[in-house]
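query12.cif follows (mmCIF, N, CA and C atoms):
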data_input
#
loop_
_atom_site.group_PDB
_atom_site.id
_atom_site.type_symbol
_atom_site.label_atom_id
_atom_site.label_comp_id
_atom_site.auth_asym_id
_atom_site.auth_seq_id
_atom_site.Cartn_x
_atom_site.Cartn_y
_atom_site.Cartn_z
ATOM 1 N N MET A 1495 39.715 -34.690 -35.662
ATOM 2 C CA MET A 1495 39.259 -33.859 -36.757
ATOM 3 C C MET A 1495 40.475 -33.244 -37.458
ATOM 4 N N THR A 1496 40.577 -33.433 -38.747
ATOM 5 C CA THR A 1496 41.644 -32.830 -39.541
ATOM 6 C C THR A 1496 41.182 -31.468 -40.022
ATOM 7 N N ILE A 1497 42.048 -30.487 -39.895
ATOM 8 C CA ILE A 1497 41.728 -29.120 -40.289
ATOM 9 C C ILE A 1497 42.082 -28.936 -41.759
ATOM 10 N N ASP A 1498 41.194 -28.269 -42.502
ATOM 11 C CA ASP A 1498 41.508 -27.867 -43.875
ATOM 12 C C ASP A 1498 42.195 -26.510 -43.773
ATOM 13 N N TRP A 1499 43.506 -26.492 -43.897
ATOM 14 C CA TRP A 1499 44.303 -25.282 -43.670
ATOM 15 C C TRP A 1499 44.085 -24.242 -44.760
ATOM 16 N N HIS A 1500 43.361 -24.611 -45.817
ATOM 17 C CA HIS A 1500 43.058 -23.658 -46.881
ATOM 18 C C HIS A 1500 41.740 -22.927 -46.655
ATOM 19 N N SER A 1501 40.821 -23.508 -45.870
ATOM 20 C CA SER A 1501 39.493 -22.896 -45.771
ATOM 21 C C SER A 1501 38.945 -22.739 -44.355
ATOM 22 N N THR A 1502 39.449 -23.476 -43.386
ATOM 23 C CA THR A 1502 38.923 -23.382 -42.026
ATOM 24 C C THR A 1502 39.282 -22.039 -41.405
ATOM 25 N N PRO A 1503 38.311 -21.334 -40.812
ATOM 26 C CA PRO A 1503 38.658 -20.109 -40.083
ATOM 27 C C PRO A 1503 39.617 -20.447 -38.934
ATOM 28 N N LEU A 1504 40.650 -19.648 -38.772
ATOM 29 C CA LEU A 1504 41.661 -19.912 -37.750
ATOM 30 C C LEU A 1504 41.488 -18.972 -36.571
ATOM 31 N N SER A 1505 41.803 -19.480 -35.396
ATOM 32 C CA SER A 1505 41.809 -18.673 -34.175
ATOM 33 C C SER A 1505 43.023 -19.078 -33.359
ATOM 34 N N ARG A 1506 43.272 -18.381 -32.287
ATOM 35 C CA ARG A 1506 44.392 -18.721 -31.411
ATOM 36 C C ARG A 1506 44.206 -20.119 -30.810
ATOM 37 N N ASP A 1507 42.968 -20.609 -30.753
ATOM 38 C CA ASP A 1507 42.679 -21.928 -30.175
ATOM 39 C C ASP A 1507 42.755 -23.067 -31.184
ATOM 40 N N THR A 1508 42.952 -22.765 -32.467
ATOM 41 C CA THR A 1508 43.016 -23.812 -33.484
ATOM 42 C C THR A 1508 44.230 -24.702 -33.225
ATOM 43 N N PRO A 1509 44.014 -26.014 -33.061
ATOM 44 C CA PRO A 1509 45.159 -26.907 -32.829
ATOM 45 C C PRO A 1509 45.958 -27.127 -34.106
ATOM 46 N N VAL A 1510 47.265 -27.225 -33.957
ATOM 47 C CA VAL A 1510 48.142 -27.572 -35.075
ATOM 48 C C VAL A 1510 48.166 -29.097 -35.141
ATOM 49 N N ASP A 1511 47.665 -29.646 -36.246
ATOM 50 C CA ASP A 1511 47.587 -31.101 -36.377
ATOM 51 C C ASP A 1511 48.657 -31.623 -37.337
ATOM 52 N N LYS A 1512 48.658 -32.928 -37.544
ATOM 53 C CA LYS A 1512 49.668 -33.552 -38.410
ATOM 54 C C LYS A 1512 49.540 -33.107 -39.860
ATOM 55 N N ALA A 1513 48.374 -32.622 -40.253
ATOM 56 C CA ALA A 1513 48.145 -32.191 -41.633
ATOM 57 C C ALA A 1513 48.461 -30.707 -41.833
ATOM 58 N N TYR A 1514 49.052 -30.058 -40.841
ATOM 59 C CA TYR A 1514 49.342 -28.618 -40.919
ATOM 60 C C TYR A 1514 50.070 -28.251 -42.213
ATOM 61 N N LYS A 1515 49.648 -27.139 -42.806
ATOM 62 C CA LYS A 1515 50.273 -26.595 -44.021
ATOM 63 C C LYS A 1515 50.478 -25.094 -43.834
ATOM 64 N N ASN A 1516 51.573 -24.578 -44.370
ATOM 65 C CA ASN A 1516 51.825 -23.135 -44.362
ATOM 66 C C ASN A 1516 51.055 -22.513 -45.533
ATOM 67 N N THR A 1517 49.759 -22.296 -45.339
ATOM 68 C CA THR A 1517 48.910 -21.767 -46.401
ATOM 69 C C THR A 1517 48.816 -20.250 -46.316
ATOM 70 N N GLN A 1518 48.204 -19.661 -47.334
ATOM 71 C CA GLN A 1518 47.976 -18.214 -47.322
ATOM 72 C C GLN A 1518 47.082 -17.831 -46.153
ATOM 73 N N ARG A 1519 46.130 -18.688 -45.802
ATOM 74 C CA ARG A 1519 45.249 -18.417 -44.664
ATOM 75 C C ARG A 1519 46.063 -18.381 -43.364
ATOM 76 N N VAL A 1520 46.999 -19.310 -43.209
ATOM 77 C CA VAL A 1520 47.873 -19.329 -42.028
ATOM 78 C C VAL A 1520 48.739 -18.074 -42.004
ATOM 79 N N ARG A 1521 49.327 -17.736 -43.146
ATOM 80 C CA ARG A 1521 50.162 -16.533 -43.233
ATOM 81 C C ARG A 1521 49.357 -15.283 -42.850
ATOM 82 N N SER A 1522 48.136 -15.165 -43.365
ATOM 83 C CA SER A 1522 47.287 -14.013 -43.036
ATOM 84 C C SER A 1522 46.976 -13.963 -41.547
ATOM 85 N N PHE A 1523 46.668 -15.119 -40.957
ATOM 86 C CA PHE A 1523 46.401 -15.175 -39.521
ATOM 87 C C PHE A 1523 47.622 -14.709 -38.733
ATOM 88 N N LEU A 1524 48.799 -15.186 -39.112
ATOM 89 C CA LEU A 1524 50.005 -14.843 -38.359
ATOM 90 C C LEU A 1524 50.408 -13.381 -38.570
ATOM 91 N N ILE A 1525 50.164 -12.826 -39.733
ATOM 92 C CA ILE A 1525 50.399 -11.392 -39.937
ATOM 93 C C ILE A 1525 49.463 -10.588 -39.037
ATOM 94 N N GLU A 1526 48.217 -11.022 -38.946
ATOM 95 C CA GLU A 1526 47.247 -10.359 -38.067
ATOM 96 C C GLU A 1526 47.701 -10.419 -36.604
ATOM 97 N N GLN A 1527 48.219 -11.558 -36.179
ATOM 98 C CA GLN A 1527 48.633 -11.756 -34.785
ATOM 99 C C GLN A 1527 49.992 -11.128 -34.470
ATOM 100 N N CYS A 1528 50.917 -11.168 -35.436
ATOM 101 C CA CYS A 1528 52.316 -10.820 -35.173
ATOM 102 C C CYS A 1528 52.753 -9.507 -35.811
ATOM 103 N N GLY A 1529 51.990 -9.011 -36.759
ATOM 104 C CA GLY A 1529 52.354 -7.779 -37.433
ATOM 105 C C GLY A 1529 52.872 -8.027 -38.840
ATOM 106 N N ALA A 1530 53.009 -6.924 -39.576
ATOM 107 C CA ALA A 1530 53.381 -6.983 -40.992
ATOM 108 C C ALA A 1530 54.770 -7.559 -41.226
ATOM 109 N N ASP A 1531 55.624 -7.596 -40.210
ATOM 110 C CA ASP A 1531 56.978 -8.132 -40.362
ATOM 111 C C ASP A 1531 57.037 -9.660 -40.312
ATOM 112 N N PHE A 1532 55.879 -10.313 -40.084
ATOM 113 C CA PHE A 1532 55.888 -11.770 -39.976
ATOM 114 C C PHE A 1532 56.421 -12.398 -41.258
ATOM 115 N N LYS A 1533 57.307 -13.381 -41.088
ATOM 116 C CA LYS A 1533 57.806 -14.208 -42.190
ATOM 117 C C LYS A 1533 58.114 -15.591 -41.649
ATOM 118 N N PHE A 1534 57.875 -16.604 -42.481
ATOM 119 C CA PHE A 1534 58.295 -17.958 -42.138
ATOM 120 C C PHE A 1534 59.790 -18.082 -42.391
ATOM 121 N N ASP A 1535 60.476 -18.850 -41.547
ATOM 122 C CA ASP A 1535 61.841 -19.275 -41.845
ATOM 123 C C ASP A 1535 61.922 -20.760 -41.525
ATOM 124 N N ARG A 1536 62.960 -21.407 -42.003
ATOM 125 C CA ARG A 1536 63.038 -22.873 -41.853
ATOM 126 C C ARG A 1536 63.035 -23.347 -40.401
ATOM 127 N N PRO A 1537 63.819 -22.729 -39.501
ATOM 128 C CA PRO A 1537 63.773 -23.200 -38.115
ATOM 129 C C PRO A 1537 62.385 -23.052 -37.484
ATOM 130 N N PHE A 1538 61.704 -21.960 -37.804
ATOM 131 C CA PHE A 1538 60.364 -21.745 -37.259
ATOM 132 C C PHE A 1538 59.380 -22.765 -37.829
ATOM 133 N N MET A 1539 59.449 -23.031 -39.131
ATOM 134 C CA MET A 1539 58.565 -24.026 -39.737
ATOM 135 C C MET A 1539 58.832 -25.412 -39.142
ATOM 136 N N ALA A 1540 60.090 -25.729 -38.873
ATOM 137 C CA ALA A 1540 60.423 -27.018 -38.250
ATOM 138 C C ALA A 1540 59.832 -27.090 -36.845
ATOM 139 N N TRP A 1541 59.884 -25.983 -36.112
ATOM 140 C CA TRP A 1541 59.308 -25.953 -34.761
ATOM 141 C C TRP A 1541 57.805 -26.202 -34.830
ATOM 142 N N ILE A 1542 57.123 -25.567 -35.790
ATOM 143 C CA ILE A 1542 55.669 -25.750 -35.916
ATOM 144 C C ILE A 1542 55.338 -27.224 -36.124
ATOM 145 N N LYS A 1543 56.123 -27.914 -36.951
ATOM 146 C CA LYS A 1543 55.822 -29.296 -37.348
ATOM 147 C C LYS A 1543 56.549 -30.343 -36.509
ATOM 148 N N ASP A 1544 57.049 -29.980 -35.327
ATOM 149 C CA ASP A 1544 57.868 -30.922 -34.546
ATOM 150 C C ASP A 1544 57.075 -32.012 -33.834
ATOM 151 N N GLY A 1545 55.748 -32.011 -33.973
ATOM 152 C CA GLY A 1545 54.927 -33.070 -33.394
ATOM 153 C C GLY A 1545 54.439 -32.799 -31.987
ATOM 154 N N ARG A 1546 54.971 -31.762 -31.336
ATOM 155 C CA ARG A 1546 54.484 -31.436 -29.997
ATOM 156 C C ARG A 1546 53.142 -30.720 -30.096
ATOM 157 N N PRO A 1547 52.221 -30.970 -29.149
ATOM 158 C CA PRO A 1547 50.913 -30.301 -29.195
ATOM 159 C C PRO A 1547 51.079 -28.788 -29.068
ATOM 160 N N LYS A 1548 50.376 -28.070 -29.935
ATOM 161 C CA LYS A 1548 50.384 -26.613 -29.875
ATOM 162 C C LYS A 1548 49.156 -26.083 -30.598
ATOM 163 N N THR A 1549 48.850 -24.841 -30.348
ATOM 164 C CA THR A 1549 47.753 -24.159 -31.023
ATOM 165 C C THR A 1549 48.329 -23.048 -31.896
ATOM 166 N N MET A 1550 47.491 -22.457 -32.708
ATOM 167 C CA MET A 1550 47.945 -21.331 -33.518
ATOM 168 C C MET A 1550 48.334 -20.149 -32.630
ATOM 169 N N GLY A 1551 47.736 -20.041 -31.457
ATOM 170 C CA GLY A 1551 48.159 -19.016 -30.504
ATOM 171 C C GLY A 1551 49.583 -19.262 -30.036
ATOM 172 N N ASP A 1552 49.918 -20.523 -29.783
ATOM 173 C CA ASP A 1552 51.292 -20.873 -29.404
ATOM 174 C C ASP A 1552 52.264 -20.522 -30.529
ATOM 175 N N VAL A 1553 51.841 -20.765 -31.772
ATOM 176 C CA VAL A 1553 52.685 -20.473 -32.931
ATOM 177 C C VAL A 1553 52.961 -18.967 -33.002
ATOM 178 N N ALA A 1554 51.916 -18.159 -32.872
ATOM 179 C CA ALA A 1554 52.083 -16.701 -32.910
ATOM 180 C C ALA A 1554 52.981 -16.235 -31.771
ATOM 181 N N ASP A 1555 52.766 -16.763 -30.582
ATOM 182 C CA ASP A 1555 53.568 -16.371 -29.420
ATOM 183 C C ASP A 1555 55.035 -16.748 -29.603
ATOM 184 N N GLU A 1556 55.283 -17.920 -30.180
ATOM 185 C CA GLU A 1556 56.663 -18.364 -30.395
ATOM 186 C C GLU A 1556 57.365 -17.470 -31.418
ATOM 187 N N TRP A 1557 56.672 -17.093 -32.483
ATOM 188 C CA TRP A 1557 57.297 -16.206 -33.463
ATOM 189 C C TRP A 1557 57.663 -14.872 -32.804
ATOM 190 N N GLN A 1558 56.751 -14.332 -31.997
ATOM 191 C CA GLN A 1558 57.034 -13.073 -31.315
ATOM 192 C C GLN A 1558 58.185 -13.231 -30.337
ATOM 193 N N ARG A 1559 58.261 -14.374 -29.657
ATOM 194 C CA ARG A 1559 59.374 -14.610 -28.738
ATOM 195 C C ARG A 1559 60.695 -14.641 -29.495
ATOM 196 N N ARG A 1560 60.703 -15.321 -30.646
ATOM 197 C CA ARG A 1560 61.934 -15.428 -31.432
ATOM 198 C C ARG A 1560 62.360 -14.091 -32.025
ATOM 199 N N LYS A 1561 61.416 -13.265 -32.382
ATOM 200 C CA LYS A 1561 61.716 -12.001 -33.048
ATOM 201 C C LYS A 1561 61.780 -10.821 -32.082
ATOM 202 N N GLY A 1562 61.274 -11.022 -30.865
ATOM 203 C CA GLY A 1562 61.177 -9.918 -29.905
ATOM 204 C C GLY A 1562 62.431 -9.694 -29.178
#

For the file at hand, write its structure as structure tokens.
Amino acid sequence: MTIDWHSTPLSRDTPVDKAYKNTQRVRSFLIEQCGADFKFDRPFMAWIKDGRPKTMGDVADEWQRRKG
């Protein structure tokens, strides 16, 4: 199943698929999970799209690990 990153409700269990996009919905989810200081940067975006299986919860946790 391909996720529509513009309209699908996101949760920590949402899998990151090959069609992943850094949409406003994704940004809002990550701000909710990580706080108002959340920002994308190139190394983090590359990590998200590296092809390894992960969920949006993993993405939020990784950002917090990198910034914490």

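Atom pair atom N of A:Lys1548 / atom N of A:Arg1506: separated by 12.2 Å.
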
Check your understanding: Which residues come within 10 Å of A:Val1510, counting only C-alpha atoms, excluding same-chain residues fewer than 5 positions away, as an MDAnalysis selection string?
Key -> chainID A and resid 1496:1497 1499 1515 1542:1543 1545:1553

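The coordinates place atom C of A:Met1495 at 8.4 Å from atom N of A:Ala1513.
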
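Computed from the coordinates, the atom CA of A:Leu1524 to atom CA of A:Ala1554 distance equals 6.1 Å.
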
Practice item. Write down as a PyMOL selection string the residues belonging to chain A that are assigned alpha helix (DSSP H) by DSSP computed on the backbone. Key: chain A and resi 1518-1528+1536-1542+1550-1561

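Restricting the calculation to only C-alpha atoms, the smallest distance between A:His1500 and any of A:Lys1512, A:Gly1562, A:Ala1540, A:Arg1521 is found for A:Arg1521.
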
Could you give me the centre and size, in Å to one decimal, of an axis-aligned box around all listed atoms of stretch 1504-1511 of chain A with 5 Å added on every side, as JSON?
{"center_x": 44.7, "center_y": -25.0, "center_z": -34.5, "size_x": 18.0, "size_y": 23.2, "size_z": 18.6}

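When all atoms listed in the file are used to measure the gap to A:Thr1502, the shortest distance among A:Asp1544, A:Arg1519, A:Tyr1514, A:Ala1530 belongs to A:Arg1519.
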
Review point. Could you pull the residues within 8 Å of stretch 1525-1529 of chain A, counting all atoms listed in the file, minus those fewer than 3 positions along the same chain, as a list in words?
Key: Arg1519, Val1520, Arg1521, Ser1522, Phe1532, Lys1533, Ala1554, Asp1555, Trp1557 and Gln1558 of chain A

Those residues with N, CA and C atoms, as a compact mmCIF listing (two decimals), in the frame of the given file please?
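Saved as out01.txt:
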# COMPACT_ATOMS: atom_id res chain seq x y z
N ARG A 1519 46.13 -18.69 -45.80
CA ARG A 1519 45.25 -18.42 -44.66
C ARG A 1519 46.06 -18.38 -43.36
N VAL A 1520 47.00 -19.31 -43.21
CA VAL A 1520 47.87 -19.33 -42.03
C VAL A 1520 48.74 -18.07 -42.00
N ARG A 1521 49.33 -17.74 -43.15
CA ARG A 1521 50.16 -16.53 -43.23
C ARG A 1521 49.36 -15.28 -42.85
N SER A 1522 48.14 -15.16 -43.36
CA SER A 1522 47.29 -14.01 -43.04
C SER A 1522 46.98 -13.96 -41.55
N PHE A 1532 55.88 -10.31 -40.08
CA PHE A 1532 55.89 -11.77 -39.98
C PHE A 1532 56.42 -12.40 -41.26
N LYS A 1533 57.31 -13.38 -41.09
CA LYS A 1533 57.81 -14.21 -42.19
C LYS A 1533 58.11 -15.59 -41.65
N ALA A 1554 51.92 -18.16 -32.87
CA ALA A 1554 52.08 -16.70 -32.91
C ALA A 1554 52.98 -16.24 -31.77
N ASP A 1555 52.77 -16.76 -30.58
CA ASP A 1555 53.57 -16.37 -29.42
C ASP A 1555 55.04 -16.75 -29.60
N TRP A 1557 56.67 -17.09 -32.48
CA TRP A 1557 57.30 -16.21 -33.46
C TRP A 1557 57.66 -14.87 -32.80
N GLN A 1558 56.75 -14.33 -32.00
CA GLN A 1558 57.03 -13.07 -31.32
C GLN A 1558 58.18 -13.23 -30.34
